[in-house]
Amino acid sequence: MTQVSHTTNPRVFYMLQGRKKVLLTQDASPEYSVYGEQKVEADSHIFRTWDPYRSKLASSILEGLPSIPIREEDTVLYLGAANGTTASHISDIVGSSGVVYCVEFSPVPFGDLIRLAEHRTNIFPILADARDPVQYSFMVGGVDVLYCDLAQPSQCEIVLSNAARFLRSGGHLLQAIKASSIDSSLPPSQVYETAVSELSRGFAIRSTIPLDRYQKKHIMVWGVYAP
Ligand SMILES: C[S@@+](CC[C@H](N)C(=O)[O-])C[C@H]1O[C@@H](n2cnc3c(N)ncnc32)[C@H](O)[C@@H]1O
């Protein structure tokens, strides 16, 4: 019998495999596998394993993100959703009364997002460039959480402009930063410091989590919007 426990977030779970913690979310779409994740049955529910090598949000949680600031019924704007790997777990967390707007500008992963949305009613794929939030402002209202994983040199500016348009005051930012996507000529610590200082123009930074164990030269930044 598999034993499943809560993390600090009531919508994020884990099980132990030996001494290893395996993250899980409760599967909103048990008939569909998004990226080959395992399904686990426990306590009359189906859970999905959440791979920290495939999702920077999962690796941040395992690396000690002090809180997981995404709650049931939240509205989330996700910039750089790619094929929907992480977005699908966020979809599990926010549940059927929540919403995940998934912005992606590349048509190939966008096709996967469309397929994902066919299985999950709370996923709304948006084919658009996150540098120009006006493109999707007709569709997105106020959001509780801004999640960004763009690998763009101007990603902090993009986050600030999307926050100004969509994020409620006191809403949360989770931003995955890959040092080399901003400046590969500088030491990662310097890139992170500059990025965090830029984000501080709009956010009270709560923590920065190094993700190197799972994603080399990446951090996750958690901030609270304080415009
Ligand atoms: C590192 S991948 C994201 C992986 C994804 N967050 C996950 O965990 O499953 C970055 C994605 O951002 C997209 N992207 C980069 N710049 C963008 C922009 N300006 N607007 C929209 N999407 C962008 C890329 O096409 C790519 O799919």
# chains A, B, ... in the order shown; residues from 1 in each chain; ligands from 1
>>> residues_around(residues="stretch 106-110 of chain A", least_positions_apart="2", cutoff="6 Å", atoms="only C-alpha atoms", output="number ranges by chain")
A: 82-83, 104, 112-113
>>> select_by_dssp(residues="chain A", states="helix (DSSP H, G or I)", output="PyMOL selection string")
chain A and resi 56-62+85-94+107-119+133-136+155-166+179-182+188-199
>>> closest_residue(among="A:Met1, A:Val134, A:Leu211, A:Ala179", to="A:Ser154", atoms="only C-alpha atoms")
A:Ala179
>>> residues_near_ligand(ligand="ligand 1", cutoff="6 Å", atoms="only C-alpha atoms and all ligand atoms", output="PyMOL selection string")
chain A and resi 55-56+80-86+103-106+128-131+149-152
>>> residues_around(residues="A:Gly170", least_positions_apart="2", cutoff="12 Å", atoms="only C-alpha atoms", output="PDB file with all heavy atoms, in the first residue's frame")
ATOM      1  N   PRO A  69       3.660  28.806  -3.410  1.00  0.00           N
ATOM      2  CA  PRO A  69       2.621  29.834  -3.347  1.00  0.00           C
ATOM      3  C   PRO A  69       1.566  29.734  -4.452  1.00  0.00           C
ATOM      4  O   PRO A  69       1.155  30.730  -5.025  1.00  0.00           O
ATOM      5  CB  PRO A  69       3.430  31.128  -3.460  1.00  0.00           C
ATOM      6  CG  PRO A  69       4.581  30.760  -4.319  1.00  0.00           C
ATOM      7  CD  PRO A  69       4.882  29.309  -4.036  1.00  0.00           C
ATOM      8  N   GLY A 142      -7.081  39.599 -14.177  1.00  0.00           N
ATOM      9  CA  GLY A 142      -6.146  39.658 -13.057  1.00  0.00           C
ATOM     10  C   GLY A 142      -5.727  38.250 -12.653  1.00  0.00           C
ATOM     11  O   GLY A 142      -6.545  37.328 -12.669  1.00  0.00           O
ATOM     12  N   VAL A 143      -4.456  38.074 -12.301  1.00  0.00           N
ATOM     13  CA  VAL A 143      -3.982  36.744 -11.914  1.00  0.00           C
ATOM     14  C   VAL A 143      -3.374  36.787 -10.506  1.00  0.00           C
ATOM     15  O   VAL A 143      -2.909  37.823 -10.033  1.00  0.00           O
ATOM     16  CB  VAL A 143      -2.979  36.151 -12.933  1.00  0.00           C
ATOM     17  CG1 VAL A 143      -3.589  36.117 -14.326  1.00  0.00           C
ATOM     18  CG2 VAL A 143      -1.641  36.894 -12.955  1.00  0.00           C
ATOM     19  N   ASP A 144      -3.369  35.603  -9.862  1.00  0.00           N
ATOM     20  CA  ASP A 144      -2.812  35.471  -8.509  1.00  0.00           C
ATOM     21  C   ASP A 144      -1.328  35.135  -8.535  1.00  0.00           C
ATOM     22  O   ASP A 144      -0.596  35.442  -7.604  1.00  0.00           O
ATOM     23  CB  ASP A 144      -3.539  34.340  -7.759  1.00  0.00           C
ATOM     24  CG  ASP A 144      -5.036  34.568  -7.692  1.00  0.00           C
ATOM     25  OD1 ASP A 144      -5.447  35.563  -7.086  1.00  0.00           O
ATOM     26  OD2 ASP A 144      -5.794  33.764  -8.283  1.00  0.00           O
ATOM     27  N   VAL A 145      -0.925  34.446  -9.603  1.00  0.00           N
ATOM     28  CA  VAL A 145       0.463  33.972  -9.690  1.00  0.00           C
ATOM     29  C   VAL A 145       0.973  34.179 -11.107  1.00  0.00           C
ATOM     30  O   VAL A 145       0.267  33.902 -12.082  1.00  0.00           O
ATOM     31  CB  VAL A 145       0.553  32.455  -9.355  1.00  0.00           C
ATOM     32  CG1 VAL A 145       1.995  31.953  -9.473  1.00  0.00           C
ATOM     33  CG2 VAL A 145       0.009  32.163  -7.968  1.00  0.00           C
ATOM     34  N   LEU A 146       2.206  34.692 -11.186  1.00  0.00           N
ATOM     35  CA  LEU A 146       2.903  34.803 -12.479  1.00  0.00           C
ATOM     36  C   LEU A 146       4.061  33.817 -12.434  1.00  0.00           C
ATOM     37  O   LEU A 146       4.918  33.910 -11.543  1.00  0.00           O
ATOM     38  CB  LEU A 146       3.407  36.239 -12.656  1.00  0.00           C
ATOM     39  CG  LEU A 146       4.183  36.563 -13.928  1.00  0.00           C
ATOM     40  CD1 LEU A 146       3.356  36.293 -15.177  1.00  0.00           C
ATOM     41  CD2 LEU A 146       4.609  38.032 -13.911  1.00  0.00           C
ATOM     42  N   ALA A 163       3.549  41.656 -15.078  1.00  0.00           N
ATOM     43  CA  ALA A 163       3.017  41.859 -13.722  1.00  0.00           C
ATOM     44  C   ALA A 163       2.204  43.149 -13.676  1.00  0.00           C
ATOM     45  O   ALA A 163       1.099  43.176 -13.121  1.00  0.00           O
ATOM     46  CB  ALA A 163       4.168  41.902 -12.717  1.00  0.00           C
ATOM     47  N   PHE A 166      -1.144  42.351 -15.339  1.00  0.00           N
ATOM     48  CA  PHE A 166      -2.037  41.252 -14.941  1.00  0.00           C
ATOM     49  C   PHE A 166      -1.980  40.835 -13.468  1.00  0.00           C
ATOM     50  O   PHE A 166      -2.950  40.256 -12.971  1.00  0.00           O
ATOM     51  CB  PHE A 166      -1.713  39.991 -15.766  1.00  0.00           C
ATOM     52  CG  PHE A 166      -1.780  40.167 -17.250  1.00  0.00           C
ATOM     53  CD1 PHE A 166      -0.638  40.062 -18.036  1.00  0.00           C
ATOM     54  CD2 PHE A 166      -2.989  40.457 -17.870  1.00  0.00           C
ATOM     55  CE1 PHE A 166      -0.699  40.225 -19.414  1.00  0.00           C
ATOM     56  CE2 PHE A 166      -3.063  40.631 -19.248  1.00  0.00           C
ATOM     57  CZ  PHE A 166      -1.911  40.510 -20.023  1.00  0.00           C
ATOM     58  N   LEU A 167      -0.845  41.038 -12.801  1.00  0.00           N
ATOM     59  CA  LEU A 167      -0.698  40.426 -11.473  1.00  0.00           C
ATOM     60  C   LEU A 167      -1.307  41.314 -10.393  1.00  0.00           C
ATOM     61  O   LEU A 167      -1.017  42.515 -10.335  1.00  0.00           O
ATOM     62  CB  LEU A 167       0.800  40.191 -11.187  1.00  0.00           C
ATOM     63  CG  LEU A 167       1.154  39.411  -9.917  1.00  0.00           C
ATOM     64  CD1 LEU A 167       0.523  38.012  -9.915  1.00  0.00           C
ATOM     65  CD2 LEU A 167       2.690  39.286  -9.783  1.00  0.00           C
ATOM     66  N   ARG A 168      -2.120  40.720  -9.533  1.00  0.00           N
ATOM     67  CA  ARG A 168      -2.716  41.528  -8.457  1.00  0.00           C
ATOM     68  C   ARG A 168      -1.628  41.887  -7.453  1.00  0.00           C
ATOM     69  O   ARG A 168      -0.642  41.149  -7.290  1.00  0.00           O
ATOM     70  CB  ARG A 168      -3.869  40.772  -7.793  1.00  0.00           C
ATOM     71  CG  ARG A 168      -3.442  39.548  -7.005  1.00  0.00           C
ATOM     72  CD  ARG A 168      -4.567  39.001  -6.144  1.00  0.00           C
ATOM     73  NE  ARG A 168      -4.231  37.695  -5.610  1.00  0.00           N
ATOM     74  CZ  ARG A 168      -3.483  37.498  -4.530  1.00  0.00           C
ATOM     75  NH1 ARG A 168      -2.950  38.518  -3.889  1.00  0.00           N
ATOM     76  NH2 ARG A 168      -3.235  36.264  -4.096  1.00  0.00           N
ATOM     77  N   HIS A 172       1.915  36.418  -6.428  1.00  0.00           N
ATOM     78  CA  HIS A 172       3.235  35.787  -6.338  1.00  0.00           C
ATOM     79  C   HIS A 172       3.907  35.630  -7.703  1.00  0.00           C
ATOM     80  O   HIS A 172       3.237  35.353  -8.702  1.00  0.00           O
ATOM     81  CB  HIS A 172       3.101  34.407  -5.699  1.00  0.00           C
ATOM     82  CG  HIS A 172       2.674  34.476  -4.276  1.00  0.00           C
ATOM     83  ND1 HIS A 172       3.547  34.557  -3.224  1.00  0.00           N
ATOM     84  CD2 HIS A 172       1.439  34.542  -3.733  1.00  0.00           C
ATOM     85  CE1 HIS A 172       2.888  34.651  -2.091  1.00  0.00           C
ATOM     86  NE2 HIS A 172       1.594  34.639  -2.375  1.00  0.00           N
ATOM     87  N   LEU A 173       5.218  35.784  -7.672  1.00  0.00           N
ATOM     88  CA  LEU A 173       6.042  35.490  -8.847  1.00  0.00           C
ATOM     89  C   LEU A 173       6.901  34.271  -8.557  1.00  0.00           C
ATOM     90  O   LEU A 173       7.524  34.174  -7.496  1.00  0.00           O
ATOM     91  CB  LEU A 173       6.982  36.675  -9.145  1.00  0.00           C
ATOM     92  CG  LEU A 173       8.107  36.369 -10.152  1.00  0.00           C
ATOM     93  CD1 LEU A 173       7.541  36.203 -11.570  1.00  0.00           C
ATOM     94  CD2 LEU A 173       9.174  37.457 -10.145  1.00  0.00           C
ATOM     95  N   GLY A 202       9.803  45.716  -8.568  1.00  0.00           N
ATOM     96  CA  GLY A 202       8.359  45.462  -8.458  1.00  0.00           C
ATOM     97  C   GLY A 202       7.996  44.410  -7.421  1.00  0.00           C
ATOM     98  O   GLY A 202       6.825  44.241  -7.107  1.00  0.00           O
ATOM     99  N   PHE A 203       9.005  43.689  -6.935  1.00  0.00           N
ATOM    100  CA  PHE A 203       8.698  42.540  -6.071  1.00  0.00           C
ATOM    101  C   PHE A 203       9.500  42.578  -4.775  1.00  0.00           C
ATOM    102  O   PHE A 203      10.682  42.960  -4.781  1.00  0.00           O
ATOM    103  CB  PHE A 203       9.040  41.224  -6.791  1.00  0.00           C
ATOM    104  CG  PHE A 203       8.180  40.953  -7.981  1.00  0.00           C
ATOM    105  CD1 PHE A 203       8.558  41.407  -9.248  1.00  0.00           C
ATOM    106  CD2 PHE A 203       6.979  40.267  -7.852  1.00  0.00           C
ATOM    107  CE1 PHE A 203       7.753  41.181 -10.356  1.00  0.00           C
ATOM    108  CE2 PHE A 203       6.175  40.035  -8.961  1.00  0.00           C
ATOM    109  CZ  PHE A 203       6.556  40.489 -10.208  1.00  0.00           C
ATOM    110  N   ALA A 204       8.856  42.164  -3.694  1.00  0.00           N
ATOM    111  CA  ALA A 204       9.596  41.855  -2.464  1.00  0.00           C
ATOM    112  C   ALA A 204      10.094  40.417  -2.643  1.00  0.00           C
ATOM    113  O   ALA A 204       9.275  39.487  -2.754  1.00  0.00           O
ATOM    114  CB  ALA A 204       8.674  41.959  -1.264  1.00  0.00           C
ATOM    115  N   ILE A 205      11.389  40.264  -2.726  1.00  0.00           N
ATOM    116  CA  ILE A 205      11.934  38.922  -3.013  1.00  0.00           C
ATOM    117  C   ILE A 205      11.926  38.090  -1.734  1.00  0.00           C
ATOM    118  O   ILE A 205      12.472  38.503  -0.713  1.00  0.00           O
ATOM    119  CB  ILE A 205      13.370  39.021  -3.591  1.00  0.00           C
ATOM    120  CG1 ILE A 205      13.386  39.907  -4.853  1.00  0.00           C
ATOM    121  CG2 ILE A 205      13.930  37.621  -3.890  1.00  0.00           C
ATOM    122  CD1 ILE A 205      12.516  39.448  -5.998  1.00  0.00           C
ATOM    123  N   GLY A 223       8.937  35.846  -5.469  1.00  0.00           N
ATOM    124  CA  GLY A 223       8.726  37.210  -5.010  1.00  0.00           C
ATOM    125  C   GLY A 223       7.244  37.487  -4.838  1.00  0.00           C
ATOM    126  O   GLY A 223       6.384  36.777  -5.381  1.00  0.00           O
ATOM    127  N   VAL A 224       6.948  38.536  -4.068  1.00  0.00           N
ATOM    128  CA  VAL A 224       5.571  38.969  -3.855  1.00  0.00           C
ATOM    129  C   VAL A 224       5.430  40.347  -4.496  1.00  0.00           C
ATOM    130  O   VAL A 224       6.284  41.227  -4.278  1.00  0.00           O
ATOM    131  CB  VAL A 224       5.227  39.021  -2.355  1.00  0.00           C
ATOM    132  CG1 VAL A 224       3.840  39.599  -2.129  1.00  0.00           C
ATOM    133  CG2 VAL A 224       5.320  37.621  -1.765  1.00  0.00           C
ATOM    134  N   TYR A 225       4.388  40.527  -5.272  1.00  0.00           N
ATOM    135  CA  TYR A 225       4.244  41.774  -6.055  1.00  0.00           C
ATOM    136  C   TYR A 225       3.903  42.940  -5.126  1.00  0.00           C
ATOM    137  O   TYR A 225       2.918  42.905  -4.374  1.00  0.00           O
ATOM    138  CB  TYR A 225       3.151  41.585  -7.111  1.00  0.00           C
ATOM    139  CG  TYR A 225       3.140  42.655  -8.179  1.00  0.00           C
ATOM    140  CD1 TYR A 225       4.340  43.137  -8.705  1.00  0.00           C
ATOM    141  CD2 TYR A 225       1.950  43.162  -8.664  1.00  0.00           C
ATOM    142  CE1 TYR A 225       4.341  44.128  -9.703  1.00  0.00           C
ATOM    143  CE2 TYR A 225       1.944  44.120  -9.660  1.00  0.00           C
ATOM    144  CZ  TYR A 225       3.146  44.601 -10.164  1.00  0.00           C
ATOM    145  OH  TYR A 225       3.155  45.555 -11.138  1.00  0.00           O
ATOM    146  N   ALA A 226       4.750  43.952  -5.205  1.00  0.00           N
ATOM    147  CA  ALA A 226       4.580  45.145  -4.366  1.00  0.00           C
ATOM    148  C   ALA A 226       4.869  46.358  -5.227  1.00  0.00           C
ATOM    149  O   ALA A 226       5.921  46.978  -5.111  1.00  0.00           O
ATOM    150  CB  ALA A 226       5.541  45.068  -3.181  1.00  0.00           C
ATOM    151  N   PRO A 227       3.937  46.700  -6.142  1.00  0.00           N
ATOM    152  CA  PRO A 227       4.231  47.755  -7.121  1.00  0.00           C
ATOM    153  C   PRO A 227       4.305  49.127  -6.464  1.00  0.00           C
ATOM    154  O   PRO A 227       3.758  49.337  -5.406  1.00  0.00           O
ATOM    155  CB  PRO A 227       3.045  47.675  -8.080  1.00  0.00           C
ATOM    156  CG  PRO A 227       1.949  47.015  -7.319  1.00  0.00           C
ATOM    157  CD  PRO A 227       2.595  46.144  -6.294  1.00  0.00           C
TER     158      PRO A 227
END
>>> select_by_dssp(residues="stretch 1-211 of chain A", states="strand (DSSP E)", output="number ranges by chain")
A: 5-6, 12-17, 20-26, 39-42, 45-49, 75-79, 99-104, 123-127, 143-148, 167-178, 203-210
>>> write_last_selection(atoms="C-alpha atoms", output="PDB file, in the first residue's frame")
ATOM      1  CA  SER A   5       1.689  12.600   2.462  1.00  0.00           C
ATOM      2  CA  HIS A   6       1.076  16.335   2.083  1.00  0.00           C
ATOM      3  CA  VAL A  12       1.187  18.959  -3.442  1.00  0.00           C
ATOM      4  CA  PHE A  13       2.069  15.509  -2.136  1.00  0.00           C
ATOM      5  CA  TYR A  14       5.003  13.149  -1.820  1.00  0.00           C
ATOM      6  CA  MET A  15       5.781   9.501  -1.274  1.00  0.00           C
ATOM      7  CA  LEU A  16       9.037   7.929  -0.151  1.00  0.00           C
ATOM      8  CA  GLN A  17      10.955   5.496  -2.345  1.00  0.00           C
ATOM      9  CA  LYS A  20      14.085   9.493  -1.828  1.00  0.00           C
ATOM     10  CA  LYS A  21      11.160  11.904  -1.767  1.00  0.00           C
ATOM     11  CA  VAL A  22       9.000  11.633  -4.906  1.00  0.00           C
ATOM     12  CA  LEU A  23       6.697  14.594  -5.499  1.00  0.00           C
ATOM     13  CA  LEU A  24       3.134  13.998  -6.634  1.00  0.00           C
ATOM     14  CA  THR A  25       0.076  15.960  -7.658  1.00  0.00           C
ATOM     15  CA  GLN A  26      -3.428  14.582  -7.719  1.00  0.00           C
ATOM     16  CA  LYS A  39       0.529   7.110 -12.056  1.00  0.00           C
ATOM     17  CA  VAL A  40       0.175   6.101  -8.416  1.00  0.00           C
ATOM     18  CA  GLU A  41      -3.031   4.955  -6.760  1.00  0.00           C
ATOM     19  CA  ALA A  42      -3.430   5.740  -3.062  1.00  0.00           C
ATOM     20  CA  HIS A  45      -7.088   8.817  -5.681  1.00  0.00           C
ATOM     21  CA  ILE A  46      -4.780   8.766  -8.693  1.00  0.00           C
ATOM     22  CA  PHE A  47      -1.583  10.781  -8.330  1.00  0.00           C
ATOM     23  CA  ARG A  48       1.109  11.634 -10.912  1.00  0.00           C
ATOM     24  CA  THR A  49       4.810  11.665 -10.194  1.00  0.00           C
ATOM     25  CA  THR A  75      -5.486  31.950 -11.596  1.00  0.00           C
ATOM     26  CA  VAL A  76      -1.964  31.533 -12.967  1.00  0.00           C
ATOM     27  CA  LEU A  77      -0.299  33.217 -15.933  1.00  0.00           C
ATOM     28  CA  TYR A  78       2.480  30.969 -17.211  1.00  0.00           C
ATOM     29  CA  LEU A  79       5.050  32.546 -19.570  1.00  0.00           C
ATOM     30  CA  VAL A  99      -7.150  28.665 -14.403  1.00  0.00           C
ATOM     31  CA  VAL A 100      -3.731  28.327 -16.043  1.00  0.00           C
ATOM     32  CA  TYR A 101      -3.105  30.686 -18.961  1.00  0.00           C
ATOM     33  CA  CYS A 102      -0.198  29.197 -20.918  1.00  0.00           C
ATOM     34  CA  VAL A 103       1.714  31.641 -23.133  1.00  0.00           C
ATOM     35  CA  GLU A 104       4.063  30.060 -25.668  1.00  0.00           C
ATOM     36  CA  ILE A 123      -5.630  25.088 -19.254  1.00  0.00           C
ATOM     37  CA  PHE A 124      -5.896  27.962 -21.744  1.00  0.00           C
ATOM     38  CA  PRO A 125      -3.109  27.910 -24.368  1.00  0.00           C
ATOM     39  CA  ILE A 126      -2.163  31.278 -25.872  1.00  0.00           C
ATOM     40  CA  LEU A 127       0.080  31.441 -28.932  1.00  0.00           C
ATOM     41  CA  VAL A 143      -3.982  36.744 -11.914  1.00  0.00           C
ATOM     42  CA  ASP A 144      -2.812  35.471  -8.509  1.00  0.00           C
ATOM     43  CA  VAL A 145       0.463  33.972  -9.690  1.00  0.00           C
ATOM     44  CA  LEU A 146       2.903  34.803 -12.479  1.00  0.00           C
ATOM     45  CA  TYR A 147       5.134  31.867 -13.430  1.00  0.00           C
ATOM     46  CA  CYS A 148       7.976  32.582 -15.844  1.00  0.00           C
ATOM     47  CA  LEU A 167      -0.698  40.426 -11.473  1.00  0.00           C
ATOM     48  CA  ARG A 168      -2.716  41.528  -8.457  1.00  0.00           C
ATOM     49  CA  SER A 169      -0.896  43.411  -5.725  1.00  0.00           C
ATOM     50  CA  GLY A 170       0.328  40.801  -3.228  1.00  0.00           C
ATOM     51  CA  GLY A 171       0.298  38.143  -5.969  1.00  0.00           C
ATOM     52  CA  HIS A 172       3.235  35.787  -6.338  1.00  0.00           C
ATOM     53  CA  LEU A 173       6.042  35.490  -8.847  1.00  0.00           C
ATOM     54  CA  LEU A 174       7.940  32.294  -9.530  1.00  0.00           C
ATOM     55  CA  GLN A 175      10.671  32.853 -12.082  1.00  0.00           C
ATOM     56  CA  ALA A 176      13.171  30.257 -13.260  1.00  0.00           C
ATOM     57  CA  ILE A 177      16.394  31.945 -14.339  1.00  0.00           C
ATOM     58  CA  LYS A 178      19.006  30.207 -16.456  1.00  0.00           C
ATOM     59  CA  PHE A 203       8.698  42.540  -6.071  1.00  0.00           C
ATOM     60  CA  ALA A 204       9.596  41.855  -2.464  1.00  0.00           C
ATOM     61  CA  ILE A 205      11.934  38.922  -3.013  1.00  0.00           C
ATOM     62  CA  ARG A 206      11.167  36.079  -0.626  1.00  0.00           C
ATOM     63  CA  SER A 207      13.817  33.577  -1.704  1.00  0.00           C
ATOM     64  CA  THR A 208      16.173  32.436  -4.424  1.00  0.00           C
ATOM     65  CA  ILE A 209      16.723  28.706  -4.698  1.00  0.00           C
ATOM     66  CA  PRO A 210      19.725  27.228  -6.556  1.00  0.00           C
TER      67      PRO A 210
END
>>> atom_distance(atom1="atom CA of A:Ser96", atom2="atom CA of A:Thr121")
7.2 Å
>>> closest_residue(among="A:Arg120, A:Ser67, A:Ile114, A:Arg165", to="A:Phe138", atoms="only C-alpha atoms")
A:Arg165
>>> atom_distance(atom1="atom CA of A:Ser88", atom2="atom CA of A:Leu116")
7.8 Å
>>> atom_distance(atom1="atom CA of A:Ser189", atom2="atom CA of A:Asp51")
25.7 Å
>>> closest_residue(among="A:Glu118, A:Arg201, A:Thr8, A:Thr2", to="A:Glu31", atoms="only C-alpha atoms")
A:Glu118
>>> closest_residue(among="A:Pro153, A:Asn162, A:Ser91, A:Asp212", to="A:Val191", atoms="only C-alpha atoms")
A:Pro153
>>> decode(residues="stretch 180-188 of chain A", atoms="all heavy atoms", output="compact mmCIF listing (two decimals), in the first residue's frame")
# COMPACT_ATOMS: atom_id res chain seq x y z
N SER A 180 22.89 31.47 -18.29
CA SER A 180 23.45 31.68 -19.63
C SER A 180 22.43 32.27 -20.60
O SER A 180 22.80 32.81 -21.64
CB SER A 180 24.00 30.37 -20.20
OG SER A 180 22.96 29.45 -20.32
N SER A 181 21.16 32.19 -20.28
CA SER A 181 20.16 32.77 -21.19
C SER A 181 20.15 34.30 -21.05
O SER A 181 19.67 35.00 -21.94
CB SER A 181 18.78 32.19 -20.95
OG SER A 181 18.27 32.67 -19.73
N ILE A 182 20.70 34.80 -19.95
CA ILE A 182 20.78 36.26 -19.78
C ILE A 182 22.15 36.76 -20.22
O ILE A 182 22.26 37.69 -21.01
CB ILE A 182 20.47 36.66 -18.32
CG1 ILE A 182 19.01 36.33 -17.99
CG2 ILE A 182 20.75 38.14 -18.09
CD1 ILE A 182 18.55 36.72 -16.61
N ASP A 183 23.22 36.13 -19.73
CA ASP A 183 24.57 36.54 -20.14
C ASP A 183 25.54 35.39 -19.85
O ASP A 183 25.87 35.13 -18.68
CB ASP A 183 24.99 37.81 -19.40
CG ASP A 183 26.25 38.43 -19.99
OD1 ASP A 183 27.05 37.69 -20.61
OD2 ASP A 183 26.43 39.65 -19.84
N SER A 184 25.99 34.71 -20.92
CA SER A 184 26.87 33.55 -20.73
C SER A 184 28.31 33.96 -20.45
O SER A 184 29.15 33.12 -20.12
CB SER A 184 26.80 32.62 -21.94
OG SER A 184 27.13 33.35 -23.09
N SER A 185 28.63 35.27 -20.58
CA SER A 185 30.01 35.70 -20.38
C SER A 185 30.30 36.02 -18.90
O SER A 185 31.44 36.18 -18.51
CB SER A 185 30.31 36.92 -21.25
OG SER A 185 29.58 38.03 -20.77
N LEU A 186 29.25 36.12 -18.09
CA LEU A 186 29.44 36.49 -16.68
C LEU A 186 29.28 35.28 -15.77
O LEU A 186 28.59 34.32 -16.13
CB LEU A 186 28.38 37.53 -16.28
CG LEU A 186 28.47 38.90 -16.95
CD1 LEU A 186 27.28 39.77 -16.54
CD2 LEU A 186 29.79 39.59 -16.59
N PRO A 187 29.89 35.32 -14.59
CA PRO A 187 29.64 34.23 -13.64
C PRO A 187 28.16 34.20 -13.27
O PRO A 187 27.56 35.28 -13.11
CB PRO A 187 30.49 34.61 -12.41
CG PRO A 187 31.35 35.74 -12.82
CD PRO A 187 30.79 36.36 -14.07
N PRO A 188 27.56 33.01 -13.12
CA PRO A 188 26.13 32.93 -12.82
C PRO A 188 25.73 33.78 -11.61
O PRO A 188 24.69 34.45 -11.64
CB PRO A 188 25.90 31.44 -12.54
CG PRO A 188 26.94 30.76 -13.37
CD PRO A 188 28.14 31.68 -13.35
